[in-house]
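Colleague: query-v7.cif (mmCIF, C-alpha atoms) pasted underneath:
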```cif
data_start
loop_
_atom_site.label_atom_id
_atom_site.label_comp_id
_atom_site.auth_asym_id
_atom_site.auth_seq_id
_atom_site.Cartn_x
_atom_site.Cartn_y
_atom_site.Cartn_z
CA MET A 84 -20.29 9.80 16.51
CA PRO A 85 -18.93 8.98 13.02
CA GLN A 86 -15.19 9.23 12.55
CA PRO A 87 -13.43 10.41 9.36
CA THR A 88 -12.16 6.84 8.95
CA ASP A 89 -15.73 5.44 8.94
CA GLN A 90 -16.38 6.26 5.28
CA PRO A 91 -16.50 3.55 2.62
CA ALA A 92 -13.37 2.96 0.49
CA THR A 93 -15.26 3.05 -2.80
CA ASP A 94 -14.57 5.91 -5.20
CA GLN A 95 -11.76 7.33 -3.12
CA THR A 96 -8.86 8.80 -4.99
CA LEU A 97 -5.56 7.06 -4.48
CA THR A 98 -4.23 10.07 -2.58
CA SER A 99 -7.14 10.20 -0.14
CA LEU A 100 -7.02 6.43 0.32
CA ILE A 101 -3.29 6.61 1.13
CA ASP A 102 -3.78 9.56 3.49
CA GLU A 103 -6.57 7.79 5.37
CA ALA A 104 -4.62 4.53 5.67
CA ILE A 105 -1.47 6.23 6.92
CA GLY A 106 -3.58 8.23 9.40
CA ALA A 107 -5.15 5.01 10.67
CA ARG A 108 -2.00 4.37 12.70
CA GLN A 109 -2.71 7.41 14.86
CA MET A 110 -6.48 7.34 14.98
CA LEU A 111 -7.48 3.68 15.00
CA PRO A 112 -10.54 3.06 12.82
CA ARG A 113 -12.93 0.20 13.37
CA ARG A 114 -11.75 -3.25 12.29
CA GLU A 115 -14.30 -3.28 9.45
CA ARG A 116 -12.82 -0.06 8.07
CA CYS A 117 -9.31 -1.53 8.22
CA GLU A 118 -10.59 -4.49 6.23
CA GLU A 119 -12.14 -2.16 3.61
CA LEU A 120 -8.91 -0.18 3.35
CA ASP A 121 -6.92 -3.40 3.10
CA ARG A 122 -9.03 -4.63 0.17
CA ALA A 123 -8.91 -1.28 -1.63
CA LEU A 124 -5.16 -0.85 -1.16
CA ARG A 125 -4.40 -4.42 -2.22
CA ASP A 126 -6.37 -3.78 -5.42
CA ARG A 127 -4.36 -0.61 -6.08
CA VAL A 128 -1.04 -2.34 -5.40
CA ALA A 129 -2.07 -5.16 -7.77
CA GLN A 130 -2.83 -2.55 -10.45
CA LEU A 131 0.44 -0.64 -10.00
CA LEU A 132 2.90 -3.47 -9.39
CA PRO A 133 3.11 -4.89 -12.95
CA SER A 134 4.23 -1.59 -14.50
CA VAL A 135 6.98 -1.16 -11.89
CA GLU A 136 8.07 -4.77 -12.44
CA VAL A 137 8.36 -4.05 -16.16
CA ARG A 138 10.50 -0.99 -15.40
CA ALA A 139 12.69 -3.03 -13.05
CA ASP A 140 13.11 -5.75 -15.66
CA ALA A 141 14.05 -3.14 -18.28
CA ALA A 142 16.62 -1.41 -16.07
CA VAL A 143 20.27 -2.20 -16.59
CA GLU A 144 21.10 -4.99 -14.17
CA ARG A 145 23.04 -4.08 -11.03
CA THR A 146 22.69 -0.34 -11.52
CA ARG A 147 21.41 1.93 -8.77
CA GLU A 148 18.06 2.23 -10.61
CA TRP A 149 17.75 -1.56 -10.93
CA TYR A 150 18.39 -2.11 -7.21
CA ARG A 151 15.99 0.68 -6.25
CA LEU A 152 13.16 -0.67 -8.42
CA ARG A 153 13.79 -4.26 -7.29
CA ALA A 154 13.60 -3.09 -3.66
CA ILE A 155 10.28 -1.32 -4.28
CA VAL A 156 8.84 -4.43 -5.95
CA GLY A 157 10.18 -6.72 -3.22
CA GLU A 158 8.80 -4.59 -0.39
CA ALA A 159 5.41 -4.38 -2.10
CA ARG A 160 5.27 -8.17 -2.49
CA GLU A 161 6.33 -8.67 1.12
CA THR A 162 3.62 -6.31 2.32
CA LEU A 163 1.02 -8.11 0.19
CA ASP A 164 2.04 -11.40 1.80
CA ALA A 165 1.31 -10.04 5.29
CA GLY A 166 -2.19 -10.15 6.71
CA LEU A 167 -4.00 -7.73 8.96
CA GLY A 168 -3.21 -9.68 12.10
CA HIS A 169 -5.62 -10.25 14.96
CA GLY A 170 -5.67 -6.88 16.68
CA LEU A 171 -6.81 -3.45 15.66
CA LEU A 172 -3.34 -1.91 15.98
CA SER A 173 -1.76 -4.57 13.77
CA ALA A 174 -4.50 -4.00 11.17
CA ALA A 175 -3.92 -0.23 11.24
CA ILE A 176 -0.16 -0.72 10.89
CA GLN A 177 -0.67 -3.10 7.96
CA VAL A 178 -2.97 -0.74 6.04
CA GLY A 179 -0.41 2.00 6.67
CA ARG A 180 2.31 -0.22 5.16
CA LEU A 181 0.10 -0.97 2.17
CA ALA A 182 -0.49 2.76 1.72
CA GLU A 183 3.25 3.42 1.76
CA GLN A 184 3.75 0.73 -0.88
CA CYS A 185 0.98 2.25 -3.01
CA GLN A 186 2.70 5.61 -2.73
CA ALA A 187 6.07 4.20 -3.80
CA LEU A 188 4.57 2.21 -6.67
CA ALA A 189 2.46 5.13 -7.88
CA ALA A 190 5.51 7.38 -7.95
CA GLU A 191 7.34 4.85 -10.15
CA ALA A 192 4.38 3.89 -12.34
CA SER A 193 3.74 7.43 -13.55
#
```
Written as structure tokens, that's how I'd like the structure from this file.
Modeller:
Amino acid sequence: MPQPTDQPATDQTLTSLIDEAIGARQMLPRRERCEELDRALRDRVAQLLPSVEVRADAAVERTREWYRLRAIVGEARETLDAGLGHGLLSAAIQVGRLAEQCQALAAEAS
């Protein structure tokens, strides 16, 4: 029986992609779906990250805004450095982390 997480990642809105990836922690999708979500979310993070980096660089150094933006950028980079791991649970947790980073970056990029 097909699961809601069995759909392809193509043409998903950012919001639906984030919702699905965060939900993957509770309802484990197949490994292949985690890999699709991972690729799609990494692409979105790569698109959003530069604009937030520019904002962080433009912020007055050592202000609350500067620290907050630097933390968002740092966490996104750290999450990008992590892989899916070997198990299904680790893959689901990782795509959930990528989704959270997408959410944070999207909020700052707009």
Colleague: Taking all atoms listed in the file into account, name the residue in A:Leu100, A:Leu171, A:Ala192, A:Val178 that is nearest to Arg113 of chain A.
Modeller: A:Leu171
Colleague: Is there a way to get, as a PyMOL selection string, all residues within 12 Å of the point (-6.6, -4.0, 9.3) in file coordinates, counting only C-alpha atoms?
Modeller: chain A and resi 104-105+107-108+111-125+165-182
Colleague: I'd like the interatomic distance between atom CA of Glu191 of chain A and atom CA of Asp102 of chain A, to a tenth of an Å.
Modeller: 18.2 Å
Colleague: Using all atoms listed in the file, can you tell me which of A:Cys185, A:Val156, A:Val143, A:Ala190 comes closest to Leu97 of chain A?
Modeller: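 Ranked by minimum distance to Leu97 of chain A, first place goes to A:Cys185.
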Colleague: What gap, in Å, lies between atom CA of Arg145 of chain A and atom CA of Leu131 of chain A?
Modeller: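 Atom CA of Leu131 of chain A lies 22.9 Å from atom CA of Arg145 of chain A.
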Colleague: Run through the PyMOL selection byres ((chain A and resi 138) around 12) on the given coordinates and return the selected residues as a list in words.
Modeller: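 Given this file, the PyMOL selection byres ((chain A and resi 138) around 12) evaluates to Leu131, Leu132, Pro133, Ser134, Val135, Glu136, Val137, Ala139, Asp140, Ala141, Ala142, Val143, Glu144, Glu148, Trp149, Tyr150, Arg151, Leu152, Arg153, Ile155, Val156, Leu188, Glu191, Ala192 and Ser193 of chain A.
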Colleague: Take atom CA of Ala159 of chain A and atom CA of Met110 of chain A and report the distance between them in Å, one decimal.
Modeller: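 We find that atom CA of Ala159 of chain A and atom CA of Met110 of chain A lie 23.9 Å from each other.
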Colleague: Using the file's own x, y and z axes, so that the box edges lie along x, y and z, what centre and edge lengths in Å (one decimal) does a box around every listed atom of segment 103-114 of chain A get when 8 Å is added on each side? Give it as AutoDock Vina command-line options.
Modeller:
```
--center_x -7.2 --center_y 2.5 --center_z 10.2 --size_x 27.5 --size_y 27.5 --size_z 25.6
```
Colleague: Quick one: segment 152-176 of chain A with N, CA and C atoms, as a compact mmCIF listing (two decimals), in the coordinates of the input?
Modeller:
```txt
# COMPACT_ATOMS: atom_id res chain seq x y z
N LEU A 152 14.44 -0.13 -7.94
CA LEU A 152 13.16 -0.67 -8.42
C LEU A 152 12.91 -2.08 -7.89
N ARG A 153 13.94 -2.91 -7.83
CA ARG A 153 13.79 -4.26 -7.29
C ARG A 153 13.38 -4.20 -5.82
N ALA A 154 13.95 -3.24 -5.08
CA ALA A 154 13.60 -3.09 -3.66
C ALA A 154 12.14 -2.68 -3.51
N ILE A 155 11.68 -1.76 -4.34
CA ILE A 155 10.28 -1.32 -4.28
C ILE A 155 9.35 -2.50 -4.56
N VAL A 156 9.66 -3.26 -5.60
CA VAL A 156 8.84 -4.43 -5.95
C VAL A 156 8.87 -5.46 -4.83
N GLY A 157 10.05 -5.73 -4.29
CA GLY A 157 10.18 -6.72 -3.22
C GLY A 157 9.42 -6.33 -1.96
N GLU A 158 9.52 -5.06 -1.58
CA GLU A 158 8.80 -4.59 -0.39
C GLU A 158 7.29 -4.64 -0.61
N ALA A 159 6.86 -4.32 -1.81
CA ALA A 159 5.41 -4.38 -2.10
C ALA A 159 4.91 -5.82 -2.00
N ARG A 160 5.67 -6.75 -2.55
CA ARG A 160 5.27 -8.17 -2.49
C ARG A 160 5.27 -8.67 -1.05
N GLU A 161 6.26 -8.27 -0.29
CA GLU A 161 6.33 -8.67 1.12
C GLU A 161 5.13 -8.14 1.90
N THR A 162 4.77 -6.91 1.64
CA THR A 162 3.62 -6.31 2.32
C THR A 162 2.33 -7.00 1.91
N LEU A 163 2.21 -7.38 0.64
CA LEU A 163 1.02 -8.11 0.19
C LEU A 163 0.91 -9.47 0.85
N ASP A 164 2.04 -10.08 1.17
CA ASP A 164 2.04 -11.40 1.80
C ASP A 164 1.58 -11.35 3.26
N ALA A 165 1.69 -10.18 3.88
CA ALA A 165 1.31 -10.04 5.29
C ALA A 165 -0.19 -9.82 5.41
N GLY A 166 -0.77 -10.35 6.44
CA GLY A 166 -2.19 -10.15 6.71
C GLY A 166 -2.41 -9.01 7.69
N LEU A 167 -3.66 -8.80 8.04
CA LEU A 167 -4.00 -7.73 8.96
C LEU A 167 -3.66 -8.05 10.41
N GLY A 168 -3.46 -9.30 10.71
CA GLY A 168 -3.21 -9.68 12.10
C GLY A 168 -4.52 -9.79 12.86
N HIS A 169 -4.42 -10.02 14.16
CA HIS A 169 -5.62 -10.25 14.96
C HIS A 169 -6.14 -9.00 15.66
N GLY A 170 -5.26 -8.06 15.93
CA GLY A 170 -5.67 -6.88 16.68
C GLY A 170 -5.91 -5.67 15.80
N LEU A 171 -6.51 -4.67 16.38
CA LEU A 171 -6.81 -3.45 15.66
C LEU A 171 -5.53 -2.68 15.31
N LEU A 172 -4.59 -2.63 16.24
CA LEU A 172 -3.34 -1.91 15.98
C LEU A 172 -2.56 -2.57 14.85
N SER A 173 -2.48 -3.89 14.86
CA SER A 173 -1.76 -4.57 13.77
C SER A 173 -2.45 -4.33 12.44
N ALA A 174 -3.77 -4.28 12.41
CA ALA A 174 -4.50 -4.00 11.17
C ALA A 174 -4.21 -2.58 10.69
N ALA A 175 -4.19 -1.63 11.61
CA ALA A 175 -3.92 -0.23 11.24
C ALA A 175 -2.49 -0.08 10.72
N ILE A 176 -1.55 -0.77 11.35
CA ILE A 176 -0.16 -0.72 10.89
C ILE A 176 -0.04 -1.33 9.49
```
